[in-house]
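Trainee: Data: start_12.json, JSON, C-alpha atoms.
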[["chain", "number", "residue", "atom", "x", "y", "z"],
["M", 1, "ASP", "CA", 26.96, 13.78, 0.41],
["M", 2, "LEU", "CA", 25.45, 10.30, 0.68],
["M", 3, "HIS", "CA", 23.02, 9.37, 3.43],
["M", 4, "SER", "CA", 21.56, 5.93, 4.00],
["M", 5, "PHE", "CA", 19.58, 3.85, 6.46],
["M", 6, "PRO", "CA", 19.33, 0.06, 6.17],
["M", 7, "THR", "CA", 16.06, -1.82, 5.88],
["M", 8, "ARG", "CA", 15.66, -5.54, 6.49],
["M", 9, "ARG", "CA", 13.72, -7.72, 4.08],
["M", 10, "SER", "CA", 11.83, -10.92, 4.89],
["M", 11, "SER", "CA", 12.94, -13.97, 2.94],
["M", 12, "ASP", "CA", 12.68, -17.75, 3.15],
["M", 13, "LEU", "CA", 13.31, -20.93, 1.16],
["M", 14, "ASN", "CA", 9.86, -20.69, -0.46],
["M", 15, "GLY", "CA", 10.97, -17.72, -2.53],
["M", 16, "THR", "CA", 9.62, -14.95, -0.31],
["M", 17, "ALA", "CA", 11.26, -11.54, -0.62],
["M", 18, "GLU", "CA", 9.28, -8.78, 1.07],
["M", 19, "LEU", "CA", 9.78, -5.36, 2.66],
["M", 20, "ASP", "CA", 7.51, -3.51, 5.08],
["M", 21, "PRO", "CA", 6.46, -0.25, 3.32],
["M", 22, "ASN", "CA", 6.10, 1.48, 6.70],
["M", 23, "VAL", "CA", 9.72, 0.69, 7.52],
["M", 24, "VAL", "CA", 10.82, 1.99, 4.11],
["M", 25, "TRP", "CA", 8.90, 5.23, 4.62],
["M", 26, "SER", "CA", 10.43, 5.70, 8.09],
["M", 27, "ALA", "CA", 13.89, 5.11, 6.63],
["M", 28, "ALA", "CA", 13.19, 7.60, 3.83],
["M", 29, "GLN", "CA", 12.11, 10.23, 6.37],
["M", 30, "ARG", "CA", 15.26, 9.68, 8.40],
["M", 31, "VAL", "CA", 17.53, 9.91, 5.36],
["M", 32, "LEU", "CA", 15.82, 13.08, 4.14],
["M", 33, "LYS", "CA", 16.11, 14.73, 7.55],
["M", 34, "GLU", "CA", 19.80, 13.91, 7.75],
["M", 35, "ALA", "CA", 20.47, 15.08, 4.21],
["M", 36, "PHE", "CA", 18.64, 18.38, 4.59],
["M", 37, "SER", "CA", 20.19, 19.09, 7.99],
["M", 38, "GLN", "CA", 23.75, 18.52, 6.78],
["M", 39, "THR", "CA", 23.76, 19.87, 3.24],
["M", 40, "LYS", "CA", 25.37, 23.21, 2.53],
["M", 41, "GLN", "CA", 23.74, 23.46, -0.88],
["M", 42, "ASP", "CA", 20.71, 25.60, -1.72],
["M", 43, "VAL", "CA", 18.30, 22.75, -2.49],
["M", 44, "LYS", "CA", 15.64, 23.68, -5.05],
["M", 45, "ALA", "CA", 14.00, 20.35, -5.84],
["M", 46, "LEU", "CA", 13.52, 16.81, -4.58],
["M", 47, "SER", "CA", 13.17, 13.66, -6.69],
["M", 48, "ILE", "CA", 12.87, 9.94, -6.01],
["M", 49, "SER", "CA", 14.86, 7.16, -7.65],
["M", 50, "SER", "CA", 13.30, 3.81, -6.79],
["M", 51, "PHE", "CA", 14.17, 0.19, -7.50],
["M", 52, "GLY", "CA", 11.71, -1.53, -9.81],
["M", 53, "GLY", "CA", 9.62, -4.68, -9.56],
["M", 54, "ALA", "CA", 8.29, -4.13, -6.04],
["M", 55, "VAL", "CA", 4.53, -3.92, -5.59],
["M", 56, "PHE", "CA", 2.01, -3.75, -2.75],
["M", 57, "PRO", "CA", -1.66, -2.81, -2.35],
["M", 58, "ILE", "CA", -2.76, 0.33, -0.49],
["M", 59, "SER", "CA", -6.13, 1.54, 0.76],
["M", 60, "LYS", "CA", -7.81, 4.83, -0.21],
["M", 61, "GLU", "CA", -6.20, 6.30, 2.92],
["M", 62, "GLY", "CA", -2.76, 5.28, 1.67],
["M", 63, "THR", "CA", -2.34, 2.48, 4.21],
["M", 64, "PRO", "CA", -0.33, -0.53, 3.02],
["M", 65, "LEU", "CA", -2.51, -3.66, 3.03],
["M", 66, "HIS", "CA", 0.37, -6.12, 2.52],
["M", 67, "ARG", "CA", 4.14, -6.09, 2.67],
["M", 68, "ALA", "CA", 5.86, -5.09, -0.57],
["M", 69, "VAL", "CA", 6.62, -8.10, -2.76],
["M", 70, "LEU", "CA", 10.08, -7.46, -4.24],
["M", 71, "ALA", "CA", 11.41, -8.06, -7.74],
["M", 72, "PHE", "CA", 13.33, -11.20, -6.80],
["M", 73, "ASP", "CA", 10.40, -12.81, -4.96],
["M", 74, "SER", "CA", 9.82, -16.03, -6.93],
["M", 75, "ARG", "CA", 6.40, -17.11, -5.64],
["M", 76, "ALA", "CA", 4.54, -15.76, -8.69],
["M", 77, "ILE", "CA", 6.35, -17.76, -11.39],
["M", 78, "ALA", "CA", 3.17, -19.71, -12.23],
["M", 79, "GLU", "CA", 1.17, -16.48, -12.54],
["M", 80, "GLU", "CA", 3.85, -14.94, -14.77],
["M", 81, "GLN", "CA", 3.69, -17.93, -17.10],
["M", 82, "GLU", "CA", -0.10, -17.70, -17.12],
["M", 83, "ILE", "CA", 0.11, -14.09, -18.29],
["M", 84, "LEU", "CA", 2.61, -14.97, -21.02],
["M", 85, "ASN", "CA", 0.39, -17.82, -22.19],
["M", 86, "ALA", "CA", -2.49, -15.34, -22.55],
["M", 87, "ILE", "CA", -0.54, -12.45, -24.10],
["M", 88, "GLY", "CA", 2.42, -14.12, -25.78],
["M", 89, "LYS", "CA", 6.04, -13.62, -24.76],
["M", 90, "GLU", "CA", 6.99, -11.52, -27.80],
["M", 91, "ASN", "CA", 3.81, -9.45, -27.57],
["M", 92, "PHE", "CA", 4.44, -8.79, -23.90],
["M", 93, "PHE", "CA", 7.89, -7.44, -24.70],
["M", 94, "GLU", "CA", 6.52, -5.39, -27.61],
["M", 95, "ILE", "CA", 4.05, -3.72, -25.25],
["M", 96, "THR", "CA", 6.24, -3.09, -22.20],
["M", 97, "GLY", "CA", 9.83, -3.34, -23.38],
["M", 98, "THR", "CA", 10.54, -5.42, -20.27],
["M", 99, "PRO", "CA", 10.69, -9.11, -19.30],
["M", 100, "ILE", "CA", 7.92, -10.32, -17.03],
["M", 101, "ARG", "CA", 10.21, -12.16, -14.60],
["M", 102, "TRP", "CA", 11.32, -9.25, -12.42],
["M", 103, "GLY", "CA", 8.16, -7.19, -12.80],
["M", 104, "PRO", "CA", 5.07, -6.76, -10.60],
["M", 105, "LEU", "CA", 2.29, -8.03, -12.90],
["M", 106, "GLY", "CA", 2.55, -11.69, -11.92],
["M", 107, "LYS", "CA", 2.91, -10.60, -8.29],
["M", 108, "ILE", "CA", -0.32, -8.59, -8.48],
["M", 109, "LEU", "CA", -2.15, -11.67, -9.76],
["M", 110, "TRP", "CA", -0.52, -13.73, -7.01],
["M", 111, "LEU", "CA", -1.57, -11.18, -4.36],
["M", 112, "LYS", "CA", -5.15, -11.22, -5.62],
["M", 113, "ARG", "CA", -5.21, -14.98, -5.15],
["M", 114, "GLU", "CA", -3.14, -15.41, -2.00],
["M", 115, "ALA", "CA", -4.28, -12.30, -0.11],
["M", 116, "PRO", "CA", -7.87, -11.83, -1.32],
["M", 117, "GLN", "CA", -8.97, -9.84, 1.74],
["M", 118, "ALA", "CA", -6.27, -7.26, 1.08],
["M", 119, "ALA", "CA", -7.04, -7.27, -2.65],
["M", 120, "GLU", "CA", -10.72, -6.54, -1.99],
["M", 121, "LYS", "CA", -9.80, -3.39, -0.02],
["M", 122, "THR", "CA", -7.19, -2.23, -2.53],
["M", 123, "TRP", "CA", -7.41, 1.27, -3.94],
["M", 124, "LYS", "CA", -4.18, 1.01, -5.93],
["M", 125, "PHE", "CA", -1.25, -1.32, -6.45],
["M", 126, "VAL", "CA", 1.89, 0.79, -6.06],
["M", 127, "GLY", "CA", 5.67, 0.67, -5.92],
["M", 128, "PHE", "CA", 7.92, 2.78, -3.73],
["M", 129, "GLU", "CA", 8.09, 5.94, -5.89],
["M", 130, "ASP", "CA", 4.32, 6.44, -6.04],
["M", 131, "TYR", "CA", 3.92, 5.43, -2.39],
["M", 132, "ILE", "CA", 6.51, 7.90, -1.10],
["M", 133, "LEU", "CA", 5.05, 10.65, -3.28],
["M", 134, "LEU", "CA", 1.67, 9.91, -1.69],
["M", 135, "LYS", "CA", 3.21, 10.10, 1.79],
["M", 136, "LEU", "CA", 4.74, 13.46, 0.83],
["M", 137, "GLY", "CA", 1.30, 14.82, 0.01],
["M", 138, "PHE", "CA", 1.10, 14.33, -3.76],
["M", 139, "GLN", "CA", -1.14, 12.23, -5.95],
["M", 140, "PRO", "CA", 0.51, 8.88, -6.69],
["M", 141, "VAL", "CA", 2.28, 9.06, -10.05],
["M", 142, "ILE", "CA", 4.83, 6.70, -11.56],
["M", 143, "ASN", "CA", 7.51, 7.55, -14.11],
["M", 144, "TYR", "CA", 7.56, 5.76, -17.45],
["M", 145, "SER", "CA", 10.71, 3.74, -16.70],
["M", 146, "LEU", "CA", 9.01, 2.12, -13.70],
["M", 147, "ALA", "CA", 5.53, 2.07, -15.22],
["M", 148, "SER", "CA", 6.70, -0.11, -18.11],
["M", 149, "TRP", "CA", 7.15, -2.94, -15.60],
["M", 150, "PHE", "CA", 3.55, -2.43, -14.42],
["M", 151, "GLY", "CA", 2.03, -2.78, -17.89],
["M", 152, "LEU", "CA", 2.60, 0.58, -19.58],
["M", 153, "ASP", "CA", 2.42, 0.50, -23.36],
["M", 154, "ILE", "CA", 5.73, 2.14, -24.21],
["M", 155, "LYS", "CA", 4.42, 3.30, -27.58],
["M", 156, "THR", "CA", 1.28, 5.09, -26.39],
["M", 157, "LYS", "CA", 2.55, 5.94, -22.86],
["M", 158, "GLU", "CA", -0.76, 4.65, -21.51],
["M", 159, "TRP", "CA", -1.67, 1.56, -19.52],
["M", 160, "SER", "CA", -2.25, -1.47, -21.73],
["M", 161, "GLU", "CA", -5.89, -2.38, -21.14],
["M", 162, "GLY", "CA", -5.39, -5.80, -22.72],
["M", 163, "LEU", "CA", -2.47, -6.59, -20.44],
["M", 164, "LEU", "CA", -4.16, -5.32, -17.28],
["M", 165, "SER", "CA", -7.33, -7.24, -18.06],
["M", 166, "THR", "CA", -5.39, -10.51, -17.97],
["M", 167, "ILE", "CA", -4.70, -9.97, -14.26],
["M", 168, "GLY", "CA", -8.15, -8.56, -13.48],
["M", 169, "ILE", "CA", -7.32, -4.92, -12.77],
["M", 170, "ASN", "CA", -7.86, -1.60, -14.53],
["M", 171, "ALA", "CA", -5.89, 1.60, -15.01],
["M", 172, "LYS", "CA", -7.59, 3.31, -12.05],
["M", 173, "GLN", "CA", -5.93, 0.78, -9.76],
["M", 174, "LEU", "CA", -2.47, 2.00, -10.76],
["M", 175, "ALA", "CA", -0.73, 5.35, -10.39],
["M", 176, "GLN", "CA", -0.80, 7.92, -13.19],
["M", 177, "PRO", "CA", 2.17, 7.37, -15.55],
["M", 178, "VAL", "CA", 4.24, 10.49, -16.27],
["M", 179, "ALA", "CA", 7.62, 11.35, -17.76],
["M", 180, "ALA", "CA", 10.73, 11.62, -15.61],
["M", 181, "GLY", "CA", 11.45, 15.22, -14.67],
["M", 182, "GLU", "CA", 7.77, 16.17, -14.43],
["M", 183, "VAL", "CA", 7.23, 19.02, -11.95],
["M", 184, "LEU", "CA", 4.55, 17.96, -9.47],
["M", 185, "GLY", "CA", 4.38, 21.14, -7.43],
["M", 186, "LYS", "CA", 5.62, 22.55, -4.13],
["M", 187, "LEU", "CA", 6.00, 20.48, -0.98],
["M", 188, "ASP", "CA", 3.33, 21.31, 1.59],
["M", 189, "PRO", "CA", 4.88, 23.44, 4.41],
["M", 190, "ARG", "CA", 3.74, 20.94, 7.05],
["M", 191, "VAL", "CA", 5.36, 18.01, 5.23],
["M", 192, "ALA", "CA", 8.49, 20.08, 4.53],
["M", 193, "LYS", "CA", 8.82, 20.77, 8.26],
["M", 194, "GLU", "CA", 8.45, 17.07, 9.09],
["M", 195, "ILE", "CA", 11.38, 16.09, 6.87],
["M", 196, "GLY", "CA", 13.43, 19.22, 7.50],
["M", 197, "ALA", "CA", 13.13, 20.43, 3.91],
["M", 198, "PRO", "CA", 13.41, 24.11, 2.94],
["M", 199, "SER", "CA", 10.19, 26.01, 2.39],
["M", 200, "GLY", "CA", 8.95, 26.06, -1.18],
["M", 201, "LEU", "CA", 10.83, 22.93, -2.26],
["M", 202, "THR", "CA", 9.74, 21.65, -5.68],
["M", 203, "MET", "CA", 8.88, 17.97, -6.14],
["M", 204, "VAL", "CA", 9.96, 16.37, -9.44],
["M", 205, "THR", "CA", 9.41, 12.84, -10.72],
["M", 206, "GLY", "CA", 12.44, 10.58, -10.83],
["M", 207, "ALA", "CA", 13.18, 7.29, -12.58],
["M", 208, "HIS", "CA", 14.06, 3.63, -12.13],
["M", 209, "ASP", "CA", 17.27, 3.33, -10.09],
["M", 210, "ILE", "CA", 19.13, 1.55, -12.91],
["M", 211, "VAL", "CA", 18.11, 4.26, -15.38],
["M", 212, "CYS", "CA", 19.43, 6.93, -13.01],
["M", 213, "ALA", "CA", 22.65, 4.96, -12.44],
["M", 214, "LEU", "CA", 23.30, 4.98, -16.18],
["M", 215, "LEU", "CA", 23.11, 8.79, -16.42]]
Translate the structure described by the file into structure tokens.
Mentor:
Amino acid sequence: DLHSFPTRRSSDLNGTAELDPNVVWSAAQRVLKEAFSQTKQDVKALSISSFGGAVFPISKEGTPLHRAVLAFDSRAIAEEQEILNAIGKENFFEITGTPIRWGPLGKILWLKREAPQAAEKTWKFVGFEDYILLKLGFQPVINYSLASWFGLDIKTKEWSEGLLSTIGINAKQLAQPVAAGEVLGKLDPRVAKEIGAPSGLTMVTGAHDIVCALL
């Protein structure tokens, strides 16, 4: 069965496209509760498929410090070109396997410049998979298909230090990259109760929504 709950994004003629991470988390909780309460299946595991390109800073406590800047937000075009000028367009693609346009790297540089107070308090820059995993009680990890947009070297499966240095961050400021299907452990009983999940539910890493749609 399919369960959904709409979220409203902020947009304007200046290219803004943002979502409130707190609203997304509330929507995710509601969808999970509905799904678990209505399913007749014996659910063994839970995984997250997330859209790519979105990024926002969080504090050490996991509190969002800015609204999520979405893939189609166009305010960081100048920063994206700056990164390409430093790295080279072909080299960028060789490293990540992705175009820069829809990714979060230029947006991170834009956030550092346009929201410096938030950037100074930032523990990590995350997307929605790693954020929701954190809210569910796990360490923030990001699957390779999403991490490639954040600067993962697709050959080494590690963060590209050269690429990250061009935007002034390091690997510790991003989630740990892991393969899709990685078992993260059992959901904490308290968290399971909050979302109506069965006891002992296993959490498994997912993938980029387009990757999952192709399966």
Trainee: So the first atom is CA of Gly106 in chain M and the second is CA of Ala213 in chain M; what is the distance between them in Å, to one decimal place?
Mentor: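 Distance between the two atoms: 26.1 Å.
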Trainee: So which one's closest to Glu79 in chain M, M:Pro64, M:Pro99, M:Gly15, M:Pro104? Using only C-alpha atoms, please.
Mentor: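 Of M:Pro64, M:Pro99, M:Gly15, M:Pro104, the one nearest Glu79 in chain M is M:Pro104, counting only C-alpha atoms.
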Trainee: Pull the closest atom pair for each residue of range 152-202 of chain M that gets at most 12 Å from range 141-144 of chain M, along with the distance in Å to one decimal, counting all atoms listed in the file, ordering rows by chain and then ascending residue number, as a tab-separated table.
Mentor:
residue	atom	partner	partner_atom	distance
M:Leu152	CA	M:Tyr144	CA	7.5
M:Asp153	CA	M:Tyr144	CA	9.4
M:Ile154	CA	M:Tyr144	CA	7.9
M:Lys155	CA	M:Tyr144	CA	10.9
M:Thr156	CA	M:Tyr144	CA	10.9
M:Lys157	CA	M:Tyr144	CA	7.4
M:Glu158	CA	M:Tyr144	CA	9.3
M:Trp159	CA	M:Tyr144	CA	10.3
M:Lys172	CA	M:Val141	CA	11.6
M:Gln173	CA	M:Val141	CA	11.7
M:Leu174	CA	M:Val141	CA	8.5
M:Ala175	CA	M:Val141	CA	4.8
M:Gln176	CA	M:Val141	CA	4.5
M:Pro177	CA	M:Ile142	CA	4.8
M:Val178	CA	M:Asn143	CA	4.9
M:Ala179	CA	M:Asn143	CA	5.3
M:Ala180	CA	M:Asn143	CA	5.4
M:Gly181	CA	M:Asn143	CA	8.6
M:Glu182	CA	M:Asn143	CA	8.6
M:Val183	CA	M:Val141	CA	11.3
M:Leu184	CA	M:Val141	CA	9.2
Trainee: Using only C-alpha atoms, please write the residues we just selected to a file, as a short mmCIF file (atom, residue, chain, number, x, y, z; two decimals), in the frame of the given file.
Mentor:
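And here's result-v8.cif as it stands now:
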data_model
loop_
_atom_site.label_atom_id
_atom_site.label_comp_id
_atom_site.auth_asym_id
_atom_site.auth_seq_id
_atom_site.Cartn_x
_atom_site.Cartn_y
_atom_site.Cartn_z
CA LEU M 152 2.60 0.58 -19.58
CA ASP M 153 2.42 0.50 -23.36
CA ILE M 154 5.73 2.14 -24.21
CA LYS M 155 4.42 3.30 -27.58
CA THR M 156 1.28 5.09 -26.39
CA LYS M 157 2.55 5.94 -22.86
CA GLU M 158 -0.76 4.65 -21.51
CA TRP M 159 -1.67 1.56 -19.52
CA LYS M 172 -7.59 3.31 -12.05
CA GLN M 173 -5.93 0.78 -9.76
CA LEU M 174 -2.47 2.00 -10.76
CA ALA M 175 -0.73 5.35 -10.39
CA GLN M 176 -0.80 7.92 -13.19
CA PRO M 177 2.17 7.37 -15.55
CA VAL M 178 4.24 10.49 -16.27
CA ALA M 179 7.62 11.35 -17.76
CA ALA M 180 10.73 11.62 -15.61
CA GLY M 181 11.45 15.22 -14.67
CA GLU M 182 7.77 16.17 -14.43
CA VAL M 183 7.23 19.02 -11.95
CA LEU M 184 4.55 17.96 -9.47
#
Trainee: Kindly give the distance, in Å, that separates CA of Lys112 in chain M and CA of Ile95 in chain M, rounded to a single decimal.
Mentor: 22.9 Å
Trainee: Using 5 Å of padding on each side, determine the axis-aligned box around all atoms of range 79-89 of chain M present in the file and give its centre and edge lengths in Å to one decimal, as lines of an AutoDock Vina configuration file.
Mentor:
center_x = 1.8
center_y = -15.2
center_z = -19.2
size_x = 18.5
size_y = 15.5
size_z = 23.2
Trainee: Which polymer residues have any atom within 9 Å of an atom of Gly200 in chain M, counting all atoms listed in the file, with same-chain residues fewer than 5 positions away left out, as a list in words?
Mentor: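 After dropping sequence-adjacent residues, the list is Lys44, Ala45, Lys186, Leu187, Asp188, Pro189 and Ala192 of chain M.
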Trainee: How many Å lie between CA of Val204 in chain M and CA of Leu134 in chain M, rounded to one decimal?
Mentor: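 Between CA of Val204 in chain M and CA of Leu134 in chain M the gap is 13.1 Å.
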Trainee: Using all atoms listed in the file, can you tell me which of M:Ile83, M:Ala118, M:Val126, M:Leu214 comes closest to Leu164 in chain M?
Mentor: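 Residue with the minimum atom-to-atom distance to Leu164 in chain M: M:Ile83.
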Trainee: For Gly127 in chain M, which of M:Ser37, M:Gln29, M:Ser50, M:Ser11 is the closest residue, counting all atoms listed in the file?
Mentor: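 When distances to Gly127 in chain M are compared using all atoms listed in the file, the smallest one comes from M:Ser50.
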Trainee: Applying 12 Å and all atoms listed in the file, which residues near Val24 in chain M remain after dropping the ones on its own chain fewer than 3 positions away? List them as a short mmCIF file (atom, residue, chain, number, x, y, z; two decimals) with C-alpha atoms, keeping the file's coordinate frame.
Mentor:
data_model
loop_
_atom_site.label_atom_id
_atom_site.label_comp_id
_atom_site.auth_asym_id
_atom_site.auth_seq_id
_atom_site.Cartn_x
_atom_site.Cartn_y
_atom_site.Cartn_z
CA SER M 4 21.56 5.93 4.00
CA PHE M 5 19.58 3.85 6.46
CA PRO M 6 19.33 0.06 6.17
CA THR M 7 16.06 -1.82 5.88
CA ARG M 8 15.66 -5.54 6.49
CA ARG M 9 13.72 -7.72 4.08
CA GLU M 18 9.28 -8.78 1.07
CA LEU M 19 9.78 -5.36 2.66
CA ASP M 20 7.51 -3.51 5.08
CA PRO M 21 6.46 -0.25 3.32
CA ALA M 27 13.89 5.11 6.63
CA ALA M 28 13.19 7.60 3.83
CA GLN M 29 12.11 10.23 6.37
CA ARG M 30 15.26 9.68 8.40
CA VAL M 31 17.53 9.91 5.36
CA SER M 50 13.30 3.81 -6.79
CA PRO M 64 -0.33 -0.53 3.02
CA ARG M 67 4.14 -6.09 2.67
CA ALA M 68 5.86 -5.09 -0.57
CA GLY M 127 5.67 0.67 -5.92
CA PHE M 128 7.92 2.78 -3.73
CA GLU M 129 8.09 5.94 -5.89
CA TYR M 131 3.92 5.43 -2.39
CA ILE M 132 6.51 7.90 -1.10
CA LYS M 135 3.21 10.10 1.79
#
Trainee: Which residue, M:Ala71, M:Ile108, M:Ile100, M:Leu133, has the smallest gap to Gly88 in chain M when you use all atoms listed in the file?
Mentor: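 Among the listed residues, M:Ile100 lies closest to Gly88 in chain M.
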Trainee: Find the residues with any atom within 10 Å of (2.1, -9.9, -15.4); use all atoms listed in the file and the coordinates as given in the file, and write the answer as a PDB file with C-alpha atoms, keeping the file's coordinate frame.
Mentor:
ATOM      1  CA  ALA M  76       4.540 -15.760  -8.690  1.00  0.00           C
ATOM      2  CA  ILE M  77       6.350 -17.760 -11.390  1.00  0.00           C
ATOM      3  CA  GLU M  79       1.170 -16.480 -12.540  1.00  0.00           C
ATOM      4  CA  GLU M  80       3.850 -14.940 -14.770  1.00  0.00           C
ATOM      5  CA  GLN M  81       3.690 -17.930 -17.100  1.00  0.00           C
ATOM      6  CA  GLU M  82      -0.100 -17.700 -17.120  1.00  0.00           C
ATOM      7  CA  ILE M  83       0.110 -14.090 -18.290  1.00  0.00           C
ATOM      8  CA  LEU M  84       2.610 -14.970 -21.020  1.00  0.00           C
ATOM      9  CA  ILE M  87      -0.540 -12.450 -24.100  1.00  0.00           C
ATOM     10  CA  PHE M  92       4.440  -8.790 -23.900  1.00  0.00           C
ATOM     11  CA  PRO M  99      10.690  -9.110 -19.300  1.00  0.00           C
ATOM     12  CA  ILE M 100       7.920 -10.320 -17.030  1.00  0.00           C
ATOM     13  CA  ARG M 101      10.210 -12.160 -14.600  1.00  0.00           C
ATOM     14  CA  TRP M 102      11.320  -9.250 -12.420  1.00  0.00           C
ATOM     15  CA  GLY M 103       8.160  -7.190 -12.800  1.00  0.00           C
ATOM     16  CA  PRO M 104       5.070  -6.760 -10.600  1.00  0.00           C
ATOM     17  CA  LEU M 105       2.290  -8.030 -12.900  1.00  0.00           C
ATOM     18  CA  GLY M 106       2.550 -11.690 -11.920  1.00  0.00           C
ATOM     19  CA  LYS M 107       2.910 -10.600  -8.290  1.00  0.00           C
ATOM     20  CA  ILE M 108      -0.320  -8.590  -8.480  1.00  0.00           C
ATOM     21  CA  LEU M 109      -2.150 -11.670  -9.760  1.00  0.00           C
ATOM     22  CA  TRP M 110      -0.520 -13.730  -7.010  1.00  0.00           C
ATOM     23  CA  TRP M 149       7.150  -2.940 -15.600  1.00  0.00           C
ATOM     24  CA  PHE M 150       3.550  -2.430 -14.420  1.00  0.00           C
ATOM     25  CA  GLY M 151       2.030  -2.780 -17.890  1.00  0.00           C
ATOM     26  CA  LEU M 163      -2.470  -6.590 -20.440  1.00  0.00           C
ATOM     27  CA  LEU M 164      -4.160  -5.320 -17.280  1.00  0.00           C
ATOM     28  CA  THR M 166      -5.390 -10.510 -17.970  1.00  0.00           C
ATOM     29  CA  ILE M 167      -4.700  -9.970 -14.260  1.00  0.00           C
TER      30      ILE M 167
END
Trainee: I need the residue nearest Ala207 in chain M from this list: M:Phe125, M:Phe51, M:Trp25, M:Phe36. Use all atoms listed in the file for the distance.
Mentor: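 Among M:Phe125, M:Phe51, M:Trp25, M:Phe36, it is M:Phe51 that comes nearest to Ala207 in chain M.
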Trainee: Between M:Ile169, M:Ala115, M:Val211, M:Ile58, which residue has the minimum interatomic distance to Asn22 in chain M, considering only C-alpha atoms?
Mentor: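 Smallest distance to Asn22 in chain M is found for M:Ile58.
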